[in-house]
Amino acid sequence: MTMRSLQTDYLVIGAGATGMAFTDALIDHADVHVTLVDRRHAAGGHWQDAYPFVQLHQASLFYGVASTVLGHGAVQDRGPETGLHERARQSEIRAYYDDILLRRFVGSGRVTFLPGSEYRADGPAHVVTSNVSGETVQVDVRRRVVDATYLSPTIPATTPPPFGVADDVRVVPVNDLARLTTAPSRYVIVGSGKTATDGIVWLSTNGVEPDRITWVRPREPWMLNRAVVQPDPAIAFGLAADTMAAAAEAESLDDLFVRLESAGVMLRIDRDVTPTMAKTPTLASWELDLLRSVEHVVRLGHVRQVNRHEIVLDHGTVPLEADSLVVHCAASGLQYPPLVPIWSPDAIRLQTIRVGFPCFCAALAGYVEATRDDDRERNRLCPPNNLPDRPADWAQMQVRGTLAAHAFGAEPDIAAWANACALNPARVTPLHRDDPAVKAALSRLTEHVEPGLARLTELANG
Ligand SMILES: Cc1cc2nc3c(=O)[nH]c(=O)nc-3n(C[C@H](O)[C@H](O)[C@H](O)COP(=O)(O)OP(=O)(O)OC[C@H]3O[C@@H](n4cnc5c(N)ncnc54)[C@H](O)[C@@H]3O)c2cc1C
């Protein structure tokens, strides 16, 4: 049987946040055809399988694609986050990506979407097999293959718990909290990351008293205060200035984070324990208060096995009450593959460039791909950055991201594009250019950036 073939300029593997942001910026600045493939049935990547009460942990404006704002750019005027920017819920994120994909991409005739389809390289050939029809298509790529799966996060819904589970124990992914038909007597939340904090906040806001929650926290996390991650250049440059000022004076990595805590940048749940984890998800102070109300905290390392009567951990065992529900929030989320040049001869591998903000970084890569014709130059402007796991990685990410922002920001066209792009946390609109608060934050940043970067480099290299 002959295999059907399809011609395209770009084959983008993965229609998650990064594949979507790259494609959007690319087709906006180059007259090209893109084929987008995903094993999921729709765009949006992991958001398709996320727990239903998930929300962006940062402002909606920072998420999505460059051409189209997610949400309304509104500031919350009620509730515990009054004064902070709105954060989209899962349903809104999914609807947004659906609209971008169908109306803007496929509707323009410049993007072909192959849903429910698995990509694989077969030697030099690129083949895509539909998981629905079984048909395999060979994709002839005129320009580039784009790997938008390189940093794809793992999530509890699609990743089994990283510990053994005896047959007669109820261990469920966090998603199942929203599908309970009878309430257990105790919830055992396993995990230290954003998903675990979301689970606890959701239980608390649904009337579960903190003494019915046991929280197994293998590591203590540092988290970013949401109040300092807002679409406002005075706040953005203020955050960068605080980071550099704290770093310049820091005696150690731990001291750096404590200084940032004093500056209102970092949060930790228990002020008597020094965190060792620095993935730094974003948290609001009302959420922190709820998290602190949970007193049954197990700090005995990672869970190895859950049996009917006990939880076995690296450093000990704790009893498990009958009728407990163990909630799996222990997928690692962020991934840490080796840093590789974003532009390689075989593929473009989307990674972060500045500090965090994967959507902005993927859009930037799309813009640079469209507007530069030399890979060496593209890689100079957009070096890959790491995602953080431990405090030293966080320091390293600050150094790499700051240097990258200087490199791409020095190009007038990129600076102009980035200043018009809502995804960019450091954008300065004409409205803000003469704002005294922005000027003051910038001048503080200028004062501290050199000594801060030098010390961050030392701290990162240990
Ligand atoms: C719960 C949660 C909340 C988060 N909140 C935020 C936030 O508020 N702000 C923020 O900036 N970041 C947030 N993140 C970080 C997140 O990593 C990024 O936002 C981003 O969504 C990751 O997108 P991606 O494109 O890298 O990966 P994915 O969303 O995983 O997309 C990759 C896609 O590739 C497809 N794929 C993989 N391999 C193949 C193959 N061989 N063939 C076909 N398809 C394939 C997958 O099906 C998937 O849909 C959050 C992460 C999680 C888990």
# chains A, B, ... in the order shown; residues from 1 in each chain; ligands from 1
>>> select_by_dssp(residues="range 40-260 of chain A", states="helix (DSSP H, G or I)", output="ChimeraX atom specification")
/A:45-49,60-62,90-108,174-179,194-205,210-212,226-228,233-249,253-260
>>> residues_around(residues="Asp122 in chain A", least_positions_apart="2", cutoff="12 Å", atoms="only C-alpha atoms", output="list in words")
Tyr119, Arg120, Pro124, Ala125, His126, Val127, Val128, Thr129, Thr136, Val137, Gln138 and Val139 of chain A
>>> closest_residue(among="A:His57, A:Arg268, A:Arg354, A:His33", to="ligand 1", atoms="only C-alpha atoms and all ligand atoms")
A:His57
>>> closest_residue(among="A:Gly79, A:Pro436, A:Pro218, A:Pro425", to="ligand 1", atoms="only C-alpha atoms and all ligand atoms")
A:Pro425
>>> closest_residue(among="A:Met20, A:Val111, A:Val258, A:Ile27", to="Tyr367 in chain A", atoms="only C-alpha atoms")
A:Ile27
>>> select_by_dssp(residues="range 23-160 of chain A", states="strand (DSSP E)", output="PDB file with all heavy atoms, in the first residue's frame")
ATOM      1  N   VAL A  34       2.239  25.666   7.819  1.00  0.00           N
ATOM      2  CA  VAL A  34       2.652  24.867   8.984  1.00  0.00           C
ATOM      3  C   VAL A  34       1.717  23.660   9.117  1.00  0.00           C
ATOM      4  O   VAL A  34       0.499  23.790   8.964  1.00  0.00           O
ATOM      5  CB  VAL A  34       2.552  25.714  10.282  1.00  0.00           C
ATOM      6  CG1 VAL A  34       2.887  24.868  11.514  1.00  0.00           C
ATOM      7  CG2 VAL A  34       3.460  26.937  10.212  1.00  0.00           C
ATOM      8  N   THR A  35       2.323  22.512   9.413  1.00  0.00           N
ATOM      9  CA  THR A  35       1.511  21.358   9.809  1.00  0.00           C
ATOM     10  C   THR A  35       1.770  21.105  11.285  1.00  0.00           C
ATOM     11  O   THR A  35       2.912  20.956  11.712  1.00  0.00           O
ATOM     12  CB  THR A  35       1.881  20.118   8.964  1.00  0.00           C
ATOM     13  OG1 THR A  35       1.557  20.409   7.601  1.00  0.00           O
ATOM     14  CG2 THR A  35       1.091  18.898   9.415  1.00  0.00           C
ATOM     15  N   LEU A  36       0.681  21.090  12.040  1.00  0.00           N
ATOM     16  CA  LEU A  36       0.754  20.966  13.489  1.00  0.00           C
ATOM     17  C   LEU A  36       0.180  19.598  13.844  1.00  0.00           C
ATOM     18  O   LEU A  36      -0.917  19.252  13.400  1.00  0.00           O
ATOM     19  CB  LEU A  36      -0.107  22.094  14.068  1.00  0.00           C
ATOM     20  CG  LEU A  36      -0.094  22.472  15.526  1.00  0.00           C
ATOM     21  CD1 LEU A  36       1.308  22.716  16.039  1.00  0.00           C
ATOM     22  CD2 LEU A  36      -0.951  23.737  15.709  1.00  0.00           C
ATOM     23  N   VAL A  37       0.944  18.821  14.623  1.00  0.00           N
ATOM     24  CA  VAL A  37       0.461  17.475  14.952  1.00  0.00           C
ATOM     25  C   VAL A  37       0.444  17.292  16.460  1.00  0.00           C
ATOM     26  O   VAL A  37       1.324  17.790  17.164  1.00  0.00           O
ATOM     27  CB  VAL A  37       1.335  16.400  14.245  1.00  0.00           C
ATOM     28  CG1 VAL A  37       2.799  16.615  14.495  1.00  0.00           C
ATOM     29  CG2 VAL A  37       0.965  15.005  14.674  1.00  0.00           C
ATOM     30  N   VAL A 111      -2.415  26.687   8.109  1.00  0.00           N
ATOM     31  CA  VAL A 111      -2.037  25.645   9.074  1.00  0.00           C
ATOM     32  C   VAL A 111      -2.936  24.435   8.862  1.00  0.00           C
ATOM     33  O   VAL A 111      -4.159  24.568   8.739  1.00  0.00           O
ATOM     34  CB  VAL A 111      -2.178  26.149  10.533  1.00  0.00           C
ATOM     35  CG1 VAL A 111      -1.835  25.041  11.522  1.00  0.00           C
ATOM     36  CG2 VAL A 111      -1.297  27.371  10.779  1.00  0.00           C
ATOM     37  N   THR A 112      -2.288  23.266   8.803  1.00  0.00           N
ATOM     38  CA  THR A 112      -3.039  22.005   8.800  1.00  0.00           C
ATOM     39  C   THR A 112      -2.850  21.374  10.161  1.00  0.00           C
ATOM     40  O   THR A 112      -1.719  21.285  10.645  1.00  0.00           O
ATOM     41  CB  THR A 112      -2.477  21.059   7.708  1.00  0.00           C
ATOM     42  OG1 THR A 112      -2.621  21.711   6.445  1.00  0.00           O
ATOM     43  CG2 THR A 112      -3.202  19.725   7.699  1.00  0.00           C
ATOM     44  N   PHE A 113      -3.954  20.969  10.792  1.00  0.00           N
ATOM     45  CA  PHE A 113      -3.845  20.335  12.104  1.00  0.00           C
ATOM     46  C   PHE A 113      -4.134  18.848  11.970  1.00  0.00           C
ATOM     47  O   PHE A 113      -5.159  18.466  11.397  1.00  0.00           O
ATOM     48  CB  PHE A 113      -4.830  20.988  13.082  1.00  0.00           C
ATOM     49  CG  PHE A 113      -4.754  20.422  14.485  1.00  0.00           C
ATOM     50  CD1 PHE A 113      -3.529  20.277  15.131  1.00  0.00           C
ATOM     51  CD2 PHE A 113      -5.907  20.043  15.161  1.00  0.00           C
ATOM     52  CE1 PHE A 113      -3.443  19.766  16.425  1.00  0.00           C
ATOM     53  CE2 PHE A 113      -5.841  19.530  16.466  1.00  0.00           C
ATOM     54  CZ  PHE A 113      -4.605  19.388  17.095  1.00  0.00           C
ATOM     55  N   LEU A 114      -3.228  18.037  12.487  1.00  0.00           N
ATOM     56  CA  LEU A 114      -3.440  16.587  12.503  1.00  0.00           C
ATOM     57  C   LEU A 114      -3.657  16.166  13.959  1.00  0.00           C
ATOM     58  O   LEU A 114      -2.696  15.952  14.706  1.00  0.00           O
ATOM     59  CB  LEU A 114      -2.222  15.862  11.917  1.00  0.00           C
ATOM     60  CG  LEU A 114      -1.823  16.251  10.486  1.00  0.00           C
ATOM     61  CD1 LEU A 114      -0.578  15.479  10.037  1.00  0.00           C
ATOM     62  CD2 LEU A 114      -2.971  16.001   9.512  1.00  0.00           C
ATOM     63  N   SER A 117      -2.945  12.227  16.636  1.00  0.00           N
ATOM     64  CA  SER A 117      -1.955  11.608  15.745  1.00  0.00           C
ATOM     65  C   SER A 117      -0.587  11.590  16.399  1.00  0.00           C
ATOM     66  O   SER A 117      -0.179  12.545  17.057  1.00  0.00           O
ATOM     67  CB  SER A 117      -1.861  12.393  14.433  1.00  0.00           C
ATOM     68  OG  SER A 117      -3.098  12.349  13.758  1.00  0.00           O
ATOM     69  N   GLU A 118       0.107  10.510  16.172  1.00  0.00           N
ATOM     70  CA  GLU A 118       1.428  10.300  16.772  1.00  0.00           C
ATOM     71  C   GLU A 118       2.500  10.594  15.731  1.00  0.00           C
ATOM     72  O   GLU A 118       2.456  10.069  14.617  1.00  0.00           O
ATOM     73  CB  GLU A 118       1.506   8.832  17.215  1.00  0.00           C
ATOM     74  CG  GLU A 118       2.682   8.469  18.050  1.00  0.00           C
ATOM     75  CD  GLU A 118       2.629   9.060  19.460  1.00  0.00           C
ATOM     76  OE1 GLU A 118       1.521   9.322  19.991  1.00  0.00           O
ATOM     77  OE2 GLU A 118       3.723   9.267  20.019  1.00  0.00           O
ATOM     78  N   TYR A 119       3.455  11.421  16.101  1.00  0.00           N
ATOM     79  CA  TYR A 119       4.593  11.686  15.210  1.00  0.00           C
ATOM     80  C   TYR A 119       5.716  10.710  15.532  1.00  0.00           C
ATOM     81  O   TYR A 119       5.961  10.400  16.695  1.00  0.00           O
ATOM     82  CB  TYR A 119       5.113  13.116  15.429  1.00  0.00           C
ATOM     83  CG  TYR A 119       6.504  13.290  14.835  1.00  0.00           C
ATOM     84  CD1 TYR A 119       6.663  13.561  13.479  1.00  0.00           C
ATOM     85  CD2 TYR A 119       7.647  13.126  15.623  1.00  0.00           C
ATOM     86  CE1 TYR A 119       7.930  13.670  12.926  1.00  0.00           C
ATOM     87  CE2 TYR A 119       8.912  13.244  15.073  1.00  0.00           C
ATOM     88  CZ  TYR A 119       9.055  13.510  13.726  1.00  0.00           C
ATOM     89  OH  TYR A 119      10.298  13.610  13.179  1.00  0.00           O
ATOM     90  N   ARG A 120       6.425  10.265  14.504  1.00  0.00           N
ATOM     91  CA  ARG A 120       7.704   9.596  14.760  1.00  0.00           C
ATOM     92  C   ARG A 120       8.628   9.837  13.579  1.00  0.00           C
ATOM     93  O   ARG A 120       8.169  10.029  12.440  1.00  0.00           O
ATOM     94  CB  ARG A 120       7.505   8.113  15.081  1.00  0.00           C
ATOM     95  CG  ARG A 120       7.333   7.201  13.931  1.00  0.00           C
ATOM     96  CD  ARG A 120       6.897   5.805  14.357  1.00  0.00           C
ATOM     97  NE  ARG A 120       6.043   5.255  13.310  1.00  0.00           N
ATOM     98  CZ  ARG A 120       6.515   4.711  12.185  1.00  0.00           C
ATOM     99  NH1 ARG A 120       7.806   4.604  11.984  1.00  0.00           N
ATOM    100  NH2 ARG A 120       5.675   4.276  11.260  1.00  0.00           N
ATOM    101  N   ALA A 121       9.934   9.874  13.920  1.00  0.00           N
ATOM    102  CA  ALA A 121      10.939   9.995  12.863  1.00  0.00           C
ATOM    103  C   ALA A 121      11.264   8.580  12.413  1.00  0.00           C
ATOM    104  O   ALA A 121      11.504   7.701  13.243  1.00  0.00           O
ATOM    105  CB  ALA A 121      12.177  10.684  13.407  1.00  0.00           C
ATOM    106  N   ASP A 122      11.255   8.383  11.099  1.00  0.00           N
ATOM    107  CA  ASP A 122      11.603   7.070  10.559  1.00  0.00           C
ATOM    108  C   ASP A 122      12.839   7.285   9.691  1.00  0.00           C
ATOM    109  O   ASP A 122      12.727   7.583   8.506  1.00  0.00           O
ATOM    110  CB  ASP A 122      10.418   6.542   9.749  1.00  0.00           C
ATOM    111  CG  ASP A 122      10.637   5.116   9.284  1.00  0.00           C
ATOM    112  OD1 ASP A 122      11.699   4.549   9.635  1.00  0.00           O
ATOM    113  OD2 ASP A 122       9.755   4.578   8.577  1.00  0.00           O
ATOM    114  N   ALA A 125      12.842  10.310   7.424  1.00  0.00           N
ATOM    115  CA  ALA A 125      11.437  10.613   7.083  1.00  0.00           C
ATOM    116  C   ALA A 125      10.637  10.981   8.330  1.00  0.00           C
ATOM    117  O   ALA A 125      10.942  10.541   9.435  1.00  0.00           O
ATOM    118  CB  ALA A 125      10.808   9.390   6.411  1.00  0.00           C
ATOM    119  N   HIS A 126       9.612  11.808   8.096  1.00  0.00           N
ATOM    120  CA  HIS A 126       8.733  12.217   9.194  1.00  0.00           C
ATOM    121  C   HIS A 126       7.364  11.604   8.963  1.00  0.00           C
ATOM    122  O   HIS A 126       6.731  11.888   7.939  1.00  0.00           O
ATOM    123  CB  HIS A 126       8.619  13.746   9.225  1.00  0.00           C
ATOM    124  CG  HIS A 126       9.956  14.393   9.308  1.00  0.00           C
ATOM    125  ND1 HIS A 126      10.742  14.332  10.438  1.00  0.00           N
ATOM    126  CD2 HIS A 126      10.680  15.080   8.384  1.00  0.00           C
ATOM    127  CE1 HIS A 126      11.881  14.964  10.220  1.00  0.00           C
ATOM    128  NE2 HIS A 126      11.870  15.417   8.979  1.00  0.00           N
ATOM    129  N   VAL A 127       6.950  10.729   9.877  1.00  0.00           N
ATOM    130  CA  VAL A 127       5.670  10.070   9.668  1.00  0.00           C
ATOM    131  C   VAL A 127       4.724  10.346  10.821  1.00  0.00           C
ATOM    132  O   VAL A 127       5.125  10.459  11.979  1.00  0.00           O
ATOM    133  CB  VAL A 127       5.823   8.541   9.441  1.00  0.00           C
ATOM    134  CG1 VAL A 127       6.440   8.231   8.105  1.00  0.00           C
ATOM    135  CG2 VAL A 127       6.613   7.908  10.543  1.00  0.00           C
ATOM    136  N   VAL A 128       3.460  10.462  10.448  1.00  0.00           N
ATOM    137  CA  VAL A 128       2.419  10.768  11.425  1.00  0.00           C
ATOM    138  C   VAL A 128       1.308   9.737  11.241  1.00  0.00           C
ATOM    139  O   VAL A 128       0.807   9.551  10.133  1.00  0.00           O
ATOM    140  CB  VAL A 128       1.865  12.192  11.191  1.00  0.00           C
ATOM    141  CG1 VAL A 128       0.697  12.463  12.122  1.00  0.00           C
ATOM    142  CG2 VAL A 128       2.961  13.240  11.383  1.00  0.00           C
ATOM    143  N   THR A 129       0.972   9.068  12.347  1.00  0.00           N
ATOM    144  CA  THR A 129      -0.070   8.045  12.262  1.00  0.00           C
ATOM    145  C   THR A 129      -1.287   8.482  13.072  1.00  0.00           C
ATOM    146  O   THR A 129      -1.153   8.838  14.248  1.00  0.00           O
ATOM    147  CB  THR A 129       0.446   6.698  12.810  1.00  0.00           C
ATOM    148  OG1 THR A 129       1.605   6.343  12.062  1.00  0.00           O
ATOM    149  CG2 THR A 129      -0.597   5.594  12.682  1.00  0.00           C
ATOM    150  N   SER A 130      -2.433   8.460  12.452  1.00  0.00           N
ATOM    151  CA  SER A 130      -3.666   8.808  13.168  1.00  0.00           C
ATOM    152  C   SER A 130      -4.028   7.666  14.122  1.00  0.00           C
ATOM    153  O   SER A 130      -4.117   6.507  13.711  1.00  0.00           O
ATOM    154  CB  SER A 130      -4.806   9.037  12.174  1.00  0.00           C
ATOM    155  OG  SER A 130      -6.039   8.993  12.877  1.00  0.00           O
ATOM    156  N   THR A 136      -1.307   6.298   8.085  1.00  0.00           N
ATOM    157  CA  THR A 136      -0.002   6.922   8.276  1.00  0.00           C
ATOM    158  C   THR A 136       0.290   7.853   7.099  1.00  0.00           C
ATOM    159  O   THR A 136       0.078   7.489   5.943  1.00  0.00           O
ATOM    160  CB  THR A 136       1.095   5.847   8.391  1.00  0.00           C
ATOM    161  OG1 THR A 136       0.863   5.107   9.588  1.00  0.00           O
ATOM    162  CG2 THR A 136       2.484   6.471   8.471  1.00  0.00           C
ATOM    163  N   VAL A 137       0.726   9.049   7.431  1.00  0.00           N
ATOM    164  CA  VAL A 137       1.034  10.047   6.405  1.00  0.00           C
ATOM    165  C   VAL A 137       2.521  10.361   6.492  1.00  0.00           C
ATOM    166  O   VAL A 137       3.071  10.495   7.591  1.00  0.00           O
ATOM    167  CB  VAL A 137       0.246  11.358   6.669  1.00  0.00           C
ATOM    168  CG1 VAL A 137       0.554  12.399   5.601  1.00  0.00           C
ATOM    169  CG2 VAL A 137      -1.231  11.083   6.739  1.00  0.00           C
ATOM    170  N   GLN A 138       3.164  10.467   5.353  1.00  0.00           N
ATOM    171  CA  GLN A 138       4.552  10.936   5.362  1.00  0.00           C
ATOM    172  C   GLN A 138       4.537  12.450   5.129  1.00  0.00           C
ATOM    173  O   GLN A 138       3.893  12.925   4.189  1.00  0.00           O
ATOM    174  CB  GLN A 138       5.355  10.248   4.268  1.00  0.00           C
ATOM    175  CG  GLN A 138       6.757  10.828   4.194  1.00  0.00           C
ATOM    176  CD  GLN A 138       7.737   9.941   3.477  1.00  0.00           C
ATOM    177  OE1 GLN A 138       7.612   8.710   3.481  1.00  0.00           O
ATOM    178  NE2 GLN A 138       8.724  10.565   2.844  1.00  0.00           N
ATOM    179  N   VAL A 139       5.225  13.182   5.992  1.00  0.00           N
ATOM    180  CA  VAL A 139       5.221  14.641   5.864  1.00  0.00           C
ATOM    181  C   VAL A 139       6.545  15.087   5.261  1.00  0.00           C
ATOM    182  O   VAL A 139       7.614  14.844   5.834  1.00  0.00           O
ATOM    183  CB  VAL A 139       4.988  15.319   7.231  1.00  0.00           C
ATOM    184  CG1 VAL A 139       4.859  16.830   7.065  1.00  0.00           C
ATOM    185  CG2 VAL A 139       3.741  14.756   7.922  1.00  0.00           C
ATOM    186  N   ASP A 140       6.480  15.697   4.080  1.00  0.00           N
ATOM    187  CA  ASP A 140       7.692  16.231   3.440  1.00  0.00           C
ATOM    188  C   ASP A 140       7.855  17.667   3.897  1.00  0.00           C
ATOM    189  O   ASP A 140       7.022  18.528   3.597  1.00  0.00           O
ATOM    190  CB  ASP A 140       7.562  16.174   1.913  1.00  0.00           C
ATOM    191  CG  ASP A 140       7.409  14.734   1.438  1.00  0.00           C
ATOM    192  OD1 ASP A 140       7.925  13.838   2.136  1.00  0.00           O
ATOM    193  OD2 ASP A 140       6.752  14.508   0.404  1.00  0.00           O
ATOM    194  N   VAL A 141       8.944  17.901   4.619  1.00  0.00           N
ATOM    195  CA  VAL A 141       9.131  19.201   5.258  1.00  0.00           C
ATOM    196  C   VAL A 141      10.112  20.034   4.431  1.00  0.00           C
ATOM    197  O   VAL A 141      11.272  19.678   4.285  1.00  0.00           O
ATOM    198  CB  VAL A 141       9.663  19.021   6.702  1.00  0.00           C
ATOM    199  CG1 VAL A 141       9.807  20.365   7.388  1.00  0.00           C
ATOM    200  CG2 VAL A 141       8.745  18.108   7.499  1.00  0.00           C
ATOM    201  N   ARG A 142       9.602  21.154   3.913  1.00  0.00           N
ATOM    202  CA  ARG A 142      10.456  21.987   3.054  1.00  0.00           C
ATOM    203  C   ARG A 142      11.454  22.794   3.882  1.00  0.00           C
ATOM    204  O   ARG A 142      12.559  23.037   3.466  1.00  0.00           O
ATOM    205  CB  ARG A 142       9.586  22.933   2.231  1.00  0.00           C
ATOM    206  CG  ARG A 142       8.807  22.209   1.122  1.00  0.00           C
ATOM    207  CD  ARG A 142       8.121  23.190   0.194  1.00  0.00           C
ATOM    208  NE  ARG A 142       6.948  23.770   0.836  1.00  0.00           N
ATOM    209  CZ  ARG A 142       5.691  23.373   0.616  1.00  0.00           C
ATOM    210  NH1 ARG A 142       5.449  22.398  -0.257  1.00  0.00           N
ATOM    211  NH2 ARG A 142       4.681  23.938   1.237  1.00  0.00           N
ATOM    212  N   ARG A 143      11.052  23.219   5.080  1.00  0.00           N
ATOM    213  CA  ARG A 143      11.970  24.060   5.872  1.00  0.00           C
ATOM    214  C   ARG A 143      12.418  23.377   7.174  1.00  0.00           C
ATOM    215  O   ARG A 143      13.517  22.880   7.232  1.00  0.00           O
ATOM    216  CB  ARG A 143      11.331  25.410   6.157  1.00  0.00           C
ATOM    217  CG  ARG A 143      11.151  26.241   4.894  1.00  0.00           C
ATOM    218  CD  ARG A 143      10.941  27.684   5.241  1.00  0.00           C
ATOM    219  NE  ARG A 143      10.671  28.458   4.050  1.00  0.00           N
ATOM    220  CZ  ARG A 143      10.467  29.748   4.037  1.00  0.00           C
ATOM    221  NH1 ARG A 143      10.495  30.431   5.167  1.00  0.00           N
ATOM    222  NH2 ARG A 143      10.231  30.390   2.917  1.00  0.00           N
ATOM    223  N   ARG A 144      11.572  23.373   8.184  1.00  0.00           N
ATOM    224  CA  ARG A 144      12.064  22.921   9.489  1.00  0.00           C
ATOM    225  C   ARG A 144      11.067  22.021  10.208  1.00  0.00           C
ATOM    226  O   ARG A 144       9.862  22.169  10.060  1.00  0.00           O
ATOM    227  CB  ARG A 144      12.313  24.123  10.424  1.00  0.00           C
ATOM    228  CG  ARG A 144      13.131  25.249   9.928  1.00  0.00           C
ATOM    229  CD  ARG A 144      14.533  24.859   9.599  1.00  0.00           C
ATOM    230  NE  ARG A 144      15.339  24.529  10.749  1.00  0.00           N
ATOM    231  CZ  ARG A 144      16.439  25.218  11.119  1.00  0.00           C
ATOM    232  NH1 ARG A 144      16.840  26.279  10.448  1.00  0.00           N
ATOM    233  NH2 ARG A 144      17.149  24.821  12.150  1.00  0.00           N
ATOM    234  N   VAL A 145      11.650  21.147  11.034  1.00  0.00           N
ATOM    235  CA  VAL A 145      10.857  20.401  12.008  1.00  0.00           C
ATOM    236  C   VAL A 145      10.998  21.135  13.338  1.00  0.00           C
ATOM    237  O   VAL A 145      12.101  21.546  13.707  1.00  0.00           O
ATOM    238  CB  VAL A 145      11.383  18.961  12.147  1.00  0.00           C
ATOM    239  CG1 VAL A 145      10.686  18.233  13.290  1.00  0.00           C
ATOM    240  CG2 VAL A 145      11.208  18.211  10.847  1.00  0.00           C
ATOM    241  N   VAL A 146       9.886  21.307  14.044  1.00  0.00           N
ATOM    242  CA  VAL A 146       9.911  22.031  15.317  1.00  0.00           C
ATOM    243  C   VAL A 146       9.448  21.081  16.421  1.00  0.00           C
ATOM    244  O   VAL A 146       8.310  20.591  16.398  1.00  0.00           O
ATOM    245  CB  VAL A 146       8.983  23.270  15.262  1.00  0.00           C
ATOM    246  CG1 VAL A 146       9.051  24.040  16.578  1.00  0.00           C
ATOM    247  CG2 VAL A 146       9.349  24.164  14.082  1.00  0.00           C
ATOM    248  N   ASP A 147      10.332  20.828  17.360  1.00  0.00           N
ATOM    249  CA  ASP A 147       9.983  19.956  18.482  1.00  0.00           C
ATOM    250  C   ASP A 147       9.420  20.822  19.606  1.00  0.00           C
ATOM    251  O   ASP A 147      10.170  21.480  20.333  1.00  0.00           O
ATOM    252  CB  ASP A 147      11.226  19.191  18.944  1.00  0.00           C
ATOM    253  CG  ASP A 147      10.919  18.251  20.107  1.00  0.00           C
ATOM    254  OD1 ASP A 147       9.762  18.254  20.569  1.00  0.00           O
ATOM    255  OD2 ASP A 147      11.829  17.533  20.549  1.00  0.00           O
TER     256      ASP A 147
END
>>> residues_around(residues="range 246-254 of chain A", least_positions_apart="3", cutoff="7 Å", atoms="only C-alpha atoms", output="MDAnalysis selection string")
chainID A and resid 242:243 257:260 391:392 451:452 455:456 459
>>> residues_around(residues="range 199-204 of chain A", least_positions_apart="2", cutoff="8 Å", atoms="only C-alpha atoms", output="PyMOL selection string")
chain A and resi 53+174+177+189+195-197+206-210+213+287+290-291
>>> write_last_selection(atoms="N, CA and C atoms", output="compact mmCIF listing (two decimals), in the first residue's frame")
# COMPACT_ATOMS: atom_id res chain seq x y z
N PHE A 53 -10.23 22.15 38.43
CA PHE A 53 -10.20 23.41 39.20
C PHE A 53 -8.88 24.15 39.02
N VAL A 174 -5.05 13.83 41.28
CA VAL A 174 -5.70 15.02 41.83
C VAL A 174 -7.00 15.34 41.11
N LEU A 177 -10.47 14.47 42.69
CA LEU A 177 -11.08 15.21 43.80
C LEU A 177 -12.40 15.83 43.37
N ILE A 189 -2.45 14.23 50.90
CA ILE A 189 -1.95 14.87 49.68
C ILE A 189 -0.46 14.56 49.55
N THR A 195 0.68 21.58 42.10
CA THR A 195 -0.53 20.77 42.04
C THR A 195 -1.02 20.43 43.45
N ALA A 196 -0.08 20.09 44.33
CA ALA A 196 -0.47 19.77 45.72
C ALA A 196 -1.07 21.01 46.38
N THR A 197 -0.47 22.16 46.17
CA THR A 197 -1.01 23.37 46.81
C THR A 197 -2.41 23.68 46.25
N ASN A 206 -13.63 24.17 49.74
CA ASN A 206 -14.84 23.35 49.66
C ASN A 206 -15.22 22.78 51.02
N GLY A 207 -14.74 23.41 52.06
CA GLY A 207 -15.23 23.10 53.40
C GLY A 207 -14.51 21.98 54.13
N VAL A 208 -13.40 21.48 53.61
CA VAL A 208 -12.67 20.43 54.33
C VAL A 208 -11.78 21.11 55.38
N GLU A 209 -11.99 20.74 56.64
CA GLU A 209 -11.20 21.33 57.72
C GLU A 209 -9.74 20.87 57.61
N PRO A 210 -8.79 21.75 57.97
CA PRO A 210 -7.38 21.38 57.80
C PRO A 210 -6.98 20.12 58.57
N ILE A 213 -6.69 16.86 56.68
CA ILE A 213 -5.70 16.78 55.58
C ILE A 213 -4.34 16.41 56.16
N GLU A 287 -3.68 32.06 49.68
CA GLU A 287 -3.43 30.62 49.52
C GLU A 287 -2.40 30.15 50.56
N LEU A 290 -4.01 29.46 53.84
CA LEU A 290 -4.71 28.16 53.87
C LEU A 290 -3.71 27.01 53.99
N LEU A 291 -2.61 27.10 53.24
CA LEU A 291 -1.61 26.02 53.29
C LEU A 291 -1.02 25.90 54.69
>>> residues_around(residues="Arg378 in chain A", least_positions_apart="5", cutoff="12 Å", atoms="only C-alpha atoms", output="list of chain:residue names")
A:Pro341, A:Ile342, A:Trp343, A:Ser344, A:Ile348, A:Ile353, A:Leu364, A:Ala365, A:Gly366, A:Tyr367, A:Val368, A:Glu369, A:Ala370, A:Thr371, A:Arg372, A:Asp373, A:Pro383, A:Pro384, A:Ala404, A:Ala407, A:Phe408, A:Glu411, A:Ile414
>>> residues_around(residues="range 400-402 of chain A", least_positions_apart="2", cutoff="7 Å", atoms="only C-alpha atoms", output="ChimeraX atom specification")
/A:353-355,385,396-398,404-406
>>> closest_residue(among="A:Asn424, A:Ser60, A:Thr8, A:Ser324", to="Ala236 in chain A", atoms="only C-alpha atoms")
A:Asn424
>>> residues_around(residues="His46 in chain A", least_positions_apart="4", cutoff="8 Å", atoms="only C-alpha atoms", output="short mmCIF file (atom, residue, chain, number, x, y, z; two decimals) with N, CA and C atoms, in the first residue's frame")
data_model
loop_
_atom_site.label_atom_id
_atom_site.label_comp_id
_atom_site.auth_asym_id
_atom_site.auth_seq_id
_atom_site.Cartn_x
_atom_site.Cartn_y
_atom_site.Cartn_z
N GLY A 16 0.70 22.11 22.20
CA GLY A 16 0.58 22.69 23.53
C GLY A 16 0.90 24.18 23.48
N ALA A 50 -5.78 18.50 32.51
CA ALA A 50 -5.53 19.04 33.85
C ALA A 50 -6.73 18.85 34.76
N SER A 152 7.68 19.39 27.60
CA SER A 152 6.31 19.02 27.94
C SER A 152 6.24 18.49 29.38
N PRO A 153 5.42 19.11 30.23
CA PRO A 153 5.40 18.68 31.64
C PRO A 153 4.65 17.36 31.84
N ILE A 155 2.05 15.25 34.20
CA ILE A 155 0.94 15.62 35.11
C ILE A 155 0.34 14.34 35.70
#
